[in-house]
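Next comes final-v1.txt, a file with compact mmCIF, C-alpha atoms and all ligand atoms.
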```txt
# COMPACT_ATOMS: atom_id res chain seq x y z
CA MET A 210 -53.99 47.66 160.70
CA ASN A 211 -54.82 45.63 157.60
CA ARG A 212 -57.42 42.85 157.61
CA ILE A 213 -54.96 40.04 158.43
CA GLU A 214 -53.52 42.02 161.33
CA VAL A 215 -57.02 42.71 162.69
CA ILE A 216 -57.87 39.00 162.49
CA VAL A 217 -54.62 37.92 164.14
CA HIS A 218 -55.11 40.58 166.80
CA SER A 219 -58.54 39.15 167.67
CA ILE A 220 -56.80 36.05 169.05
CA ASP A 221 -56.46 38.13 172.22
CA GLN A 222 -60.21 37.82 172.80
CA LEU A 223 -59.78 34.16 173.67
CA PRO A 224 -59.52 33.33 177.36
CA PRO A 225 -55.92 32.77 178.48
CA LEU A 226 -54.73 29.21 178.77
CA PRO A 227 -54.59 28.09 182.42
CA ALA A 228 -50.92 28.05 183.47
CA ILE A 229 -51.23 24.51 184.73
CA ILE A 230 -52.31 23.21 181.31
CA HIS A 231 -49.42 25.02 179.72
CA GLN A 232 -46.93 23.44 182.12
CA ALA A 233 -48.47 19.99 181.73
CA LEU A 234 -48.22 20.23 177.92
CA GLN A 235 -44.60 21.30 178.13
CA ARG A 236 -43.86 18.22 180.20
CA ILE A 237 -45.77 15.97 177.79
CA ASN A 238 -43.48 17.19 175.07
CA ASP A 239 -40.33 16.48 177.06
CA PRO A 240 -39.25 12.90 176.35
CA LYS A 241 -37.34 12.82 179.62
CA ALA A 242 -40.40 13.71 181.72
CA SER A 243 -42.34 10.86 183.27
CA ALA A 244 -46.08 10.63 183.86
CA GLN A 245 -45.37 11.21 187.56
CA ASP A 246 -43.70 14.53 186.71
CA VAL A 247 -46.86 15.71 184.96
CA VAL A 248 -49.10 14.55 187.79
CA GLU A 249 -46.78 16.41 190.15
CA ILE A 250 -47.68 19.65 188.34
CA ILE A 251 -51.42 19.06 187.98
CA GLN A 252 -51.96 18.08 191.59
CA TYR A 253 -51.26 21.64 192.75
CA ASP A 254 -54.31 22.86 190.87
CA GLN A 255 -57.20 22.20 193.23
CA GLY A 256 -59.94 22.80 190.66
CA ILE A 257 -58.59 20.44 188.02
CA THR A 258 -57.59 17.80 190.56
CA SER A 259 -61.04 17.68 192.13
CA GLN A 260 -62.71 17.49 188.71
CA VAL A 261 -60.42 14.68 187.57
CA LEU A 262 -61.02 12.74 190.77
CA LYS A 263 -64.78 13.21 190.46
CA VAL A 264 -64.67 11.69 186.98
CA CYS A 265 -62.40 8.83 188.13
CA ASN A 266 -64.83 8.02 190.93
CA SER A 267 -67.89 8.17 188.69
CA ALA A 268 -69.98 5.15 187.80
CA TYR A 269 -68.47 5.23 184.30
CA PHE A 270 -65.11 3.82 185.39
CA ASN A 271 -66.66 1.50 187.95
CA LEU A 272 -63.46 1.29 189.99
CA ARG A 273 -63.70 -0.99 192.99
CA ARG A 274 -62.45 1.59 195.41
CA GLN A 275 -62.53 5.33 195.95
CA VAL A 276 -59.62 7.21 194.35
CA HIS A 277 -58.23 9.96 196.56
CA SER A 278 -55.21 11.27 194.66
CA LEU A 279 -53.98 11.86 191.14
CA ARG A 280 -51.19 9.36 191.77
CA GLU A 281 -53.76 6.63 192.42
CA ALA A 282 -55.78 7.75 189.40
CA LEU A 283 -52.64 7.53 187.26
CA VAL A 284 -52.04 3.93 188.31
CA LEU A 285 -55.65 2.88 187.77
CA LEU A 286 -56.56 4.77 184.58
CA GLY A 287 -53.24 5.47 182.91
CA PHE A 288 -51.67 8.74 181.89
CA ASN A 289 -53.48 9.28 178.59
CA THR A 290 -56.95 8.96 180.11
CA LEU A 291 -55.98 11.34 182.88
CA MET A 292 -54.75 13.96 180.42
CA GLN A 293 -57.85 13.54 178.27
CA ILE A 294 -60.18 14.18 181.20
CA MET A 295 -58.19 17.31 182.00
CA LEU A 296 -58.05 18.62 178.41
CA ASN A 297 -61.72 17.96 177.72
CA LYS A 298 -62.68 19.88 180.80
CA SER A 299 -60.32 22.78 180.04
CA PHE A 300 -61.27 23.34 176.40
CA HIS A 301 -64.93 22.36 176.47
CA GLY A 302 -66.10 25.95 177.07
CA VAL A 303 -64.21 27.69 174.28
CA LEU A 304 -64.75 24.94 171.70
CA SER A 305 -68.47 24.77 172.46
CA ARG A 306 -69.12 28.30 171.21
CA SER A 307 -71.33 28.57 168.17
CA CYS A 308 -69.40 29.43 164.98
CA GLN A 309 -72.01 30.87 162.69
CA GLY A 310 -69.61 31.55 159.82
CA TYR A 311 -69.27 27.78 159.54
CA ASP A 312 -72.91 27.08 160.32
CA LEU A 313 -71.95 25.35 163.56
CA ASP A 314 -74.43 25.61 166.43
CA THR A 315 -73.38 25.66 170.07
CA GLY A 316 -71.55 22.45 170.89
CA ALA A 317 -71.09 21.30 167.28
CA LEU A 318 -67.42 22.30 166.93
CA TRP A 319 -66.63 20.69 170.28
CA LYS A 320 -68.21 17.42 169.17
CA HIS A 321 -66.24 17.46 165.91
CA SER A 322 -63.01 18.35 167.73
CA VAL A 323 -63.34 15.66 170.35
CA SER A 324 -64.28 13.12 167.64
CA CYS A 325 -61.07 13.98 165.81
CA ALA A 326 -59.05 13.73 169.04
CA ILE A 327 -60.48 10.31 169.87
CA LEU A 328 -59.98 9.10 166.28
CA THR A 329 -56.26 9.98 166.33
CA GLU A 330 -55.88 7.39 169.06
CA ILE A 331 -58.20 4.80 167.58
CA ILE A 332 -56.35 5.00 164.24
CA ALA A 333 -52.92 4.83 165.91
CA ARG A 334 -53.99 1.67 167.78
CA ARG A 335 -55.41 0.12 164.60
CA LEU A 336 -52.01 0.71 163.01
CA GLN A 337 -50.47 -1.11 165.98
CA GLN A 338 -48.89 2.05 167.33
CA GLU A 339 -48.87 3.22 170.92
CA PRO A 340 -50.65 6.62 170.66
CA ASP A 341 -48.37 9.61 171.16
CA SER A 342 -49.73 11.59 174.13
CA ARG A 343 -49.66 14.79 172.01
CA LEU A 344 -52.10 13.37 169.46
CA PHE A 345 -55.21 13.92 171.53
CA THR A 346 -54.35 17.59 172.10
CA ALA A 347 -53.60 18.14 168.41
CA GLY A 348 -56.91 16.53 167.44
CA LEU A 349 -58.86 18.46 170.03
CA LEU A 350 -57.46 21.85 169.01
CA HIS A 351 -57.01 21.43 165.24
CA ASP A 352 -59.99 23.68 164.35
CA MET A 353 -59.49 26.19 167.17
CA GLY A 354 -58.90 28.90 164.53
CA LYS A 355 -62.57 28.61 163.51
CA VAL A 356 -63.63 30.11 166.83
CA VAL A 357 -61.76 33.30 165.93
CA LEU A 358 -62.26 33.31 162.14
CA SER A 359 -65.99 32.53 162.22
CA ALA A 360 -67.18 36.16 162.17
CA ASN A 361 -64.91 37.00 159.19
CA VAL A 362 -66.03 33.91 157.28
CA ARG A 363 -69.63 34.87 157.90
CA GLU A 364 -69.10 38.35 156.43
CA THR A 365 -67.37 37.04 153.32
CA PHE A 366 -69.18 33.72 152.97
CA ALA A 367 -70.56 34.45 149.50
CA ALA A 368 -67.08 35.14 148.09
CA ILE A 369 -65.57 32.06 149.77
CA LYS A 370 -68.41 29.82 148.61
CA ASN A 371 -68.07 31.19 145.10
CA LEU A 372 -64.39 30.17 144.89
CA VAL A 373 -65.24 26.74 146.27
CA ARG A 374 -68.20 26.10 143.96
CA GLU A 375 -67.08 27.84 140.79
CA GLN A 376 -63.32 27.41 140.85
CA GLY A 377 -62.84 24.18 142.78
CA TYR A 378 -60.92 25.70 145.71
CA SER A 379 -60.86 23.74 148.96
CA PHE A 380 -62.59 25.71 151.71
CA VAL A 381 -59.31 26.44 153.47
CA ALA A 382 -57.69 27.73 150.25
CA ALA A 383 -60.71 29.96 149.63
CA GLU A 384 -60.45 31.38 153.16
CA ARG A 385 -56.82 32.22 152.45
CA GLU A 386 -57.66 33.82 149.12
CA VAL A 387 -60.51 35.97 150.46
CA LEU A 388 -59.32 36.76 154.00
CA GLY A 389 -55.56 36.47 153.62
CA ILE A 390 -55.42 33.80 156.33
CA ASP A 391 -57.18 30.47 156.96
CA HIS A 392 -58.49 28.79 160.11
CA ALA A 393 -55.62 26.27 160.22
CA GLU A 394 -52.94 29.00 160.19
CA LEU A 395 -54.89 31.04 162.71
CA GLY A 396 -55.22 27.96 164.95
CA ALA A 397 -51.44 27.50 164.73
CA LEU A 398 -50.91 31.13 165.75
CA ILE A 399 -53.17 30.56 168.77
CA ALA A 400 -51.19 27.43 169.66
CA GLU A 401 -47.96 29.45 169.31
CA LYS A 402 -49.32 32.20 171.52
CA TRP A 403 -50.18 29.59 174.12
CA LYS A 404 -46.64 28.25 173.76
CA PHE A 405 -47.71 24.76 172.79
CA PRO A 406 -45.07 22.21 171.81
CA PRO A 407 -43.93 22.61 168.15
CA ALA A 408 -45.32 19.22 167.11
CA ILE A 409 -48.85 20.22 168.14
CA ILE A 410 -48.48 23.60 166.38
CA ALA A 411 -47.46 21.78 163.17
CA ALA A 412 -50.38 19.34 163.40
CA VAL A 413 -52.84 22.25 163.75
CA ARG A 414 -51.19 24.31 160.96
CA TYR A 415 -51.10 21.47 158.40
CA HIS A 416 -54.25 19.52 159.28
CA HIS A 417 -55.68 20.27 155.79
CA THR A 418 -52.35 20.52 153.96
CA PRO A 419 -49.98 17.86 155.36
CA TRP A 420 -47.90 17.96 152.15
CA LEU A 421 -46.75 21.47 153.11
CA SER A 422 -45.31 20.41 156.46
CA GLY A 423 -41.96 19.53 154.90
CA GLY A 424 -41.89 16.21 156.71
CA ASP A 425 -41.63 17.76 160.17
CA TYR A 426 -43.56 15.77 162.76
CA SER A 427 -44.98 13.76 159.89
CA GLU A 428 -46.57 11.10 162.10
CA LEU A 429 -48.50 13.61 164.21
CA VAL A 430 -49.45 15.76 161.20
CA GLY A 431 -50.50 12.72 159.14
CA LEU A 432 -52.63 11.14 161.86
CA THR A 433 -54.34 14.44 162.69
CA HIS A 434 -55.14 14.93 158.99
CA LEU A 435 -56.49 11.40 158.68
CA ALA A 436 -58.54 11.65 161.89
CA ASN A 437 -60.05 14.96 160.73
CA CYS A 438 -61.04 13.42 157.37
CA MET A 439 -62.62 10.50 159.19
CA ALA A 440 -64.40 12.77 161.69
CA LEU A 441 -65.88 14.70 158.75
CA LEU A 442 -67.22 11.42 157.35
CA THR A 443 -69.45 11.05 160.41
CA GLY A 444 -71.13 14.36 159.60
CA ILE A 445 -70.80 15.37 163.27
CA GLY A 446 -70.00 19.07 163.44
CA GLY A 447 -68.94 19.13 159.79
CA GLY A 448 -70.46 22.56 159.26
CA SER A 449 -70.86 24.37 155.96
CA ASP A 450 -67.24 23.64 154.97
CA GLY A 451 -67.11 19.94 155.86
CA LEU A 452 -67.68 18.67 152.33
CA TYR A 453 -65.08 20.94 150.76
CA TYR A 454 -61.83 19.30 151.85
CA ALA A 455 -59.91 16.45 150.28
CA GLY A 456 -57.76 13.81 151.90
CA ASP A 457 -54.07 13.83 150.97
CA PRO A 458 -53.68 10.86 148.57
CA GLU A 459 -50.15 10.16 149.79
CA ILE A 460 -51.28 9.85 153.39
CA MET A 461 -54.26 7.73 152.40
CA GLU A 462 -51.83 5.46 150.53
CA GLN A 463 -49.34 5.41 153.41
CA TYR A 464 -51.83 4.32 156.07
CA ARG A 465 -53.89 2.10 153.78
CA LEU A 466 -57.03 1.92 155.86
CA ARG A 467 -59.64 -0.27 154.19
CA GLU A 468 -63.34 0.52 154.25
CA LYS A 469 -63.79 -2.15 156.91
CA ASP A 470 -61.13 -0.47 159.10
CA VAL A 471 -62.82 2.89 158.78
CA GLU A 472 -66.18 1.37 159.78
CA LYS A 473 -64.61 -0.23 162.86
CA CYS A 474 -62.94 3.04 163.82
CA LEU A 475 -66.26 4.85 163.62
CA VAL A 476 -68.04 2.27 165.79
CA GLN A 477 -65.32 2.66 168.42
CA LEU A 478 -65.60 6.44 168.13
CA ASN A 479 -69.27 6.29 168.98
CA ASP A 480 -68.61 4.41 172.25
CA ARG A 481 -65.76 6.70 173.27
CA LEU A 482 -67.74 9.85 172.47
CA GLN A 483 -70.47 8.74 174.83
CA ALA A 484 -67.86 8.16 177.52
CA VAL A 485 -66.42 11.64 177.15
CA GLU A 486 -69.87 13.17 177.35
CA ALA A 487 -70.45 11.21 180.55
CA TRP A 488 -67.16 12.54 182.01
CA LEU A 489 -68.14 16.12 181.28
CA GLU A 490 -71.51 15.68 182.87
CA VAL A 491 -69.88 14.38 186.04
CA ALA A 492 -67.25 17.13 186.10
FE FE A 501 -60.09 22.42 159.74
FE FE A 502 -61.84 19.66 161.52
```
Show me the file's structure as structure tokens.
Ligand SMILES: [Fe+2]
Ligand SMILES: [Fe+2]
Amino acid sequence: MNRIEVIVHSIDQLPPLPAIIHQALQRINDPKASAQDVVEIIQYDQGITSQVLKVCNSAYFNLRRQVHSLREALVLLGFNTLMQIMLNKSFHGVLSRSCQGYDLDTGALWKHSVSCAILTEIIARRLQQEPDSRLFTAGLLHDMGKVVLSANVRETFAAIKNLVREQGYSFVAAEREVLGIDHAELGALIAEKWKFPPAIIAAVRYHHTPWLSGGDYSELVGLTHLANCMALLTGIGGGSDGLYYAGDPEIMEQYRLREKDVEKCLVQLNDRLQAVEAWLEVA
């Protein structure tokens, strides 16, 4: 096996995706499926249901009555919040691993990923759009490839850094040059292996290079790119590569967020991040 094949093969070391998450994501992607259809699937998973209900009944949501079923939770909290509680819980473990190749301590990648996920929604709302339910998943998983590529980046860090510093490569282009594959492509391969919807795979694959997406799923790809750039601005979980990416000028032009908008988004992010941390503690 050559180096790329060995790297791609190491995807198998990741824990398998729970079947229930897979089914729920398939339904999210089906425009004909209703929120009730998705709840119908999740409710058969005892573990996830009890965790979601625990969070719903926590002091954070301050609901006036006890919630006993996912159907009730859906009515009171809405579909997106319900999915977010479930996704955060499911991916918290794997995204919390330390990624030393990127100089990310335990928990740092998770914090960056969840910041990006939350920002996709905050930005969509600021642009007066109803957030697509796939956005949060795309934001949460966009850097998943780092979990697998970290060891290879660590081994070849000097060569990657050299291309970035001396020849002006972006970090992702330098990964590709040195290792033959980059963390965005590897993340997309993981998402493919897990049979994620094509829109989420595209958002992960092109989160640093939206101009290469050929216009497919442009809204999801563009917002994930923008949210990642904004998440990097906070410095949370930016890692050793965080400063070596550029925003796509066309997307920046298209969404036209002013400095004031960005500031407001980041204030909102801070509140929401605290909420998510509270959910995880409860669960
Ligand atoms: Fe990335
Ligand atoms: Fe990122």
Env. residues ligand FE 502 (chain A) / 9 Å / only C-alpha atoms and all ligand atoms / as a PyMOL selection string: chain A and resi 318+321-322+325+348+350-353+416-417+434+436-438+440-441+446-447+451
Among the residues A:Ser359, A:Asn479, A:Thr365, A:Asn371, the one that comes closest to ligand FE 501 (chain A) [using all atoms listed in the file]: A:Ser359
Nearest residue to Gln338 (chain A) from the set A:Ala487, A:Ile216, A:Leu429, A:Ile460 (distances using all atoms listed in the file): A:Leu429
Test item: residues at most 10 Å from Val471 (chain A), only C-alpha atoms, excluding those fewer than 6 positions along its chain, as an NGL selection string: :A and (332 or 335 or 439 or 442 or 477)
Computed interatomic separation between CA of Asn361 (chain A) and CA of Asn211 (chain A) (Å): 13.4 Å
Counting only C-alpha atoms, the option among A:Val303, A:Leu313, A:Pro419, A:Ser379 closest to Glu459 (chain A):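 Closest to Glu459 (chain A) of all the choices is A:Pro419.
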How big is the axis-aligned box around the listed atoms of region 433-447 of chain A once 6 Å is added on each side, and where is its centre? Give both in Å to one decimal, as AutoDock Vina command-line options.
```
--center_x -62.7 --center_y 14.8 --center_z 160.4 --size_x 28.8 --size_y 20.6 --size_z 18.1
```
Distance of CA of Tyr453 (chain A) from CA of Leu336 (chain A), expressed in Å to one decimal place: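 Atom-to-atom, CA of Leu336 (chain A) and CA of Tyr453 (chain A) are spaced 27.0 Å apart.
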Residue nearest Leu328 (chain A) among A:Met461, A:Leu432, A:Val217, A:Ala393 (counting only C-alpha atoms): A:Leu432
Contact residues around Val215 (chain A) with all atoms listed in the file at 12 Å, ignoring same-chain residues under 2 positions, as an MDAnalysis selection string: chainID A and resid 210:213 217:222 357:358 361 388:390 395
CA of Ala412 (chain A) to CA of Leu372 (chain A), distance in Å rounded to a single decimal: 25.6 Å
Closest of A:Phe300, A:Tyr454, A:Val356, A:Ser305 to Ala383 (chain A) - atom-to-atom distances counting all atoms listed in the file: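 The shortest atom-to-atom distance to Ala383 (chain A) comes from A:Tyr454.
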Surrounding residues of Lys355 (chain A) excluding itself and chain neighbours under 5 positions, 9 Å, all atoms listed in the file, as a PyMOL selection string: chain A and resi 308+310-311+318+360+362+391-393+395-396
Using all atoms listed in the file: which of A:Lys469, A:Arg414, A:Lys263, A:Arg363 has the shortest distance to Leu291 (chain A): A:Lys263
Who sits within 8 Å of Phe405 (chain A), all atoms listed in the file, same chain under 6 positions skipped, as a PyMOL selection string: chain A and resi 231+234-235
Spatial neighbours of region 245-253 of chain A, 10 Å, all atoms listed in the file, chain gap at least 5 places, as a PyMOL selection string: chain A and resi 229-230+232-237+258-259+261+278-280+282-284+288+291-292+295
Please produce an output containing C-alpha atoms for each residue in the selection, written as a compact mmCIF listing (two decimals), in the coordinates of the input.
```txt
# COMPACT_ATOMS: atom_id res chain seq x y z
CA ILE A 229 -51.23 24.51 184.73
CA ILE A 230 -52.31 23.21 181.31
CA GLN A 232 -46.93 23.44 182.12
CA ALA A 233 -48.47 19.99 181.73
CA LEU A 234 -48.22 20.23 177.92
CA GLN A 235 -44.60 21.30 178.13
CA ARG A 236 -43.86 18.22 180.20
CA ILE A 237 -45.77 15.97 177.79
CA THR A 258 -57.59 17.80 190.56
CA SER A 259 -61.04 17.68 192.13
CA VAL A 261 -60.42 14.68 187.57
CA SER A 278 -55.21 11.27 194.66
CA LEU A 279 -53.98 11.86 191.14
CA ARG A 280 -51.19 9.36 191.77
CA ALA A 282 -55.78 7.75 189.40
CA LEU A 283 -52.64 7.53 187.26
CA VAL A 284 -52.04 3.93 188.31
CA PHE A 288 -51.67 8.74 181.89
CA LEU A 291 -55.98 11.34 182.88
CA MET A 292 -54.75 13.96 180.42
CA MET A 295 -58.19 17.31 182.00
```
Can you fill out region 350-372 of chain A with N, CA and C atoms and hand it back as a short mmCIF file (atom, residue, chain, number, x, y, z; two decimals), in the frame of the given file?
```cif
data_model
loop_
_atom_site.label_atom_id
_atom_site.label_comp_id
_atom_site.auth_asym_id
_atom_site.auth_seq_id
_atom_site.Cartn_x
_atom_site.Cartn_y
_atom_site.Cartn_z
N LEU A 350 -57.60 20.42 169.29
CA LEU A 350 -57.46 21.85 169.01
C LEU A 350 -57.29 22.18 167.52
N HIS A 351 -57.38 21.19 166.64
CA HIS A 351 -57.01 21.43 165.24
C HIS A 351 -57.85 22.54 164.59
N ASP A 352 -59.12 22.67 164.98
CA ASP A 352 -59.99 23.68 164.35
C ASP A 352 -60.22 24.90 165.23
N MET A 353 -59.36 25.07 166.22
CA MET A 353 -59.49 26.19 167.17
C MET A 353 -59.58 27.54 166.43
N GLY A 354 -58.88 27.64 165.30
CA GLY A 354 -58.90 28.90 164.53
C GLY A 354 -60.29 29.29 164.07
N LYS A 355 -61.20 28.30 163.95
CA LYS A 355 -62.57 28.61 163.51
C LYS A 355 -63.29 29.49 164.51
N VAL A 356 -62.97 29.32 165.78
CA VAL A 356 -63.63 30.11 166.83
C VAL A 356 -63.36 31.59 166.57
N VAL A 357 -62.14 31.90 166.16
CA VAL A 357 -61.76 33.30 165.93
C VAL A 357 -62.17 33.77 164.53
N LEU A 358 -62.03 32.89 163.53
CA LEU A 358 -62.26 33.31 162.14
C LEU A 358 -63.74 33.33 161.75
N SER A 359 -64.58 32.71 162.56
CA SER A 359 -65.99 32.53 162.22
C SER A 359 -66.67 33.83 161.75
N ALA A 360 -66.49 34.91 162.51
CA ALA A 360 -67.18 36.16 162.17
C ALA A 360 -66.73 36.67 160.79
N ASN A 361 -65.43 36.53 160.48
CA ASN A 361 -64.91 37.00 159.19
C ASN A 361 -65.42 36.12 158.05
N VAL A 362 -65.52 34.83 158.31
CA VAL A 362 -66.03 33.91 157.28
C VAL A 362 -67.50 34.24 157.01
N ARG A 363 -68.21 34.56 158.07
CA ARG A 363 -69.63 34.87 157.90
C ARG A 363 -69.82 36.10 156.99
N GLU A 364 -69.00 37.10 157.22
CA GLU A 364 -69.10 38.35 156.43
C GLU A 364 -68.77 38.13 154.96
N THR A 365 -67.86 37.19 154.70
CA THR A 365 -67.37 37.04 153.32
C THR A 365 -67.79 35.69 152.72
N PHE A 366 -68.82 35.09 153.35
CA PHE A 366 -69.18 33.72 152.97
C PHE A 366 -69.49 33.57 151.47
N ALA A 367 -70.17 34.56 150.91
CA ALA A 367 -70.56 34.45 149.50
C ALA A 367 -69.31 34.35 148.61
N ALA A 368 -68.30 35.16 148.90
CA ALA A 368 -67.08 35.14 148.09
C ALA A 368 -66.32 33.82 148.26
N ILE A 369 -66.26 33.33 149.50
CA ILE A 369 -65.57 32.06 149.77
C ILE A 369 -66.29 30.91 149.04
N LYS A 370 -67.60 30.89 149.21
CA LYS A 370 -68.41 29.82 148.61
C LYS A 370 -68.27 29.86 147.08
N ASN A 371 -68.20 31.05 146.55
CA ASN A 371 -68.07 31.19 145.10
C ASN A 371 -66.77 30.54 144.60
N LEU A 372 -65.67 30.78 145.29
CA LEU A 372 -64.39 30.17 144.89
C LEU A 372 -64.46 28.65 144.99
#
```
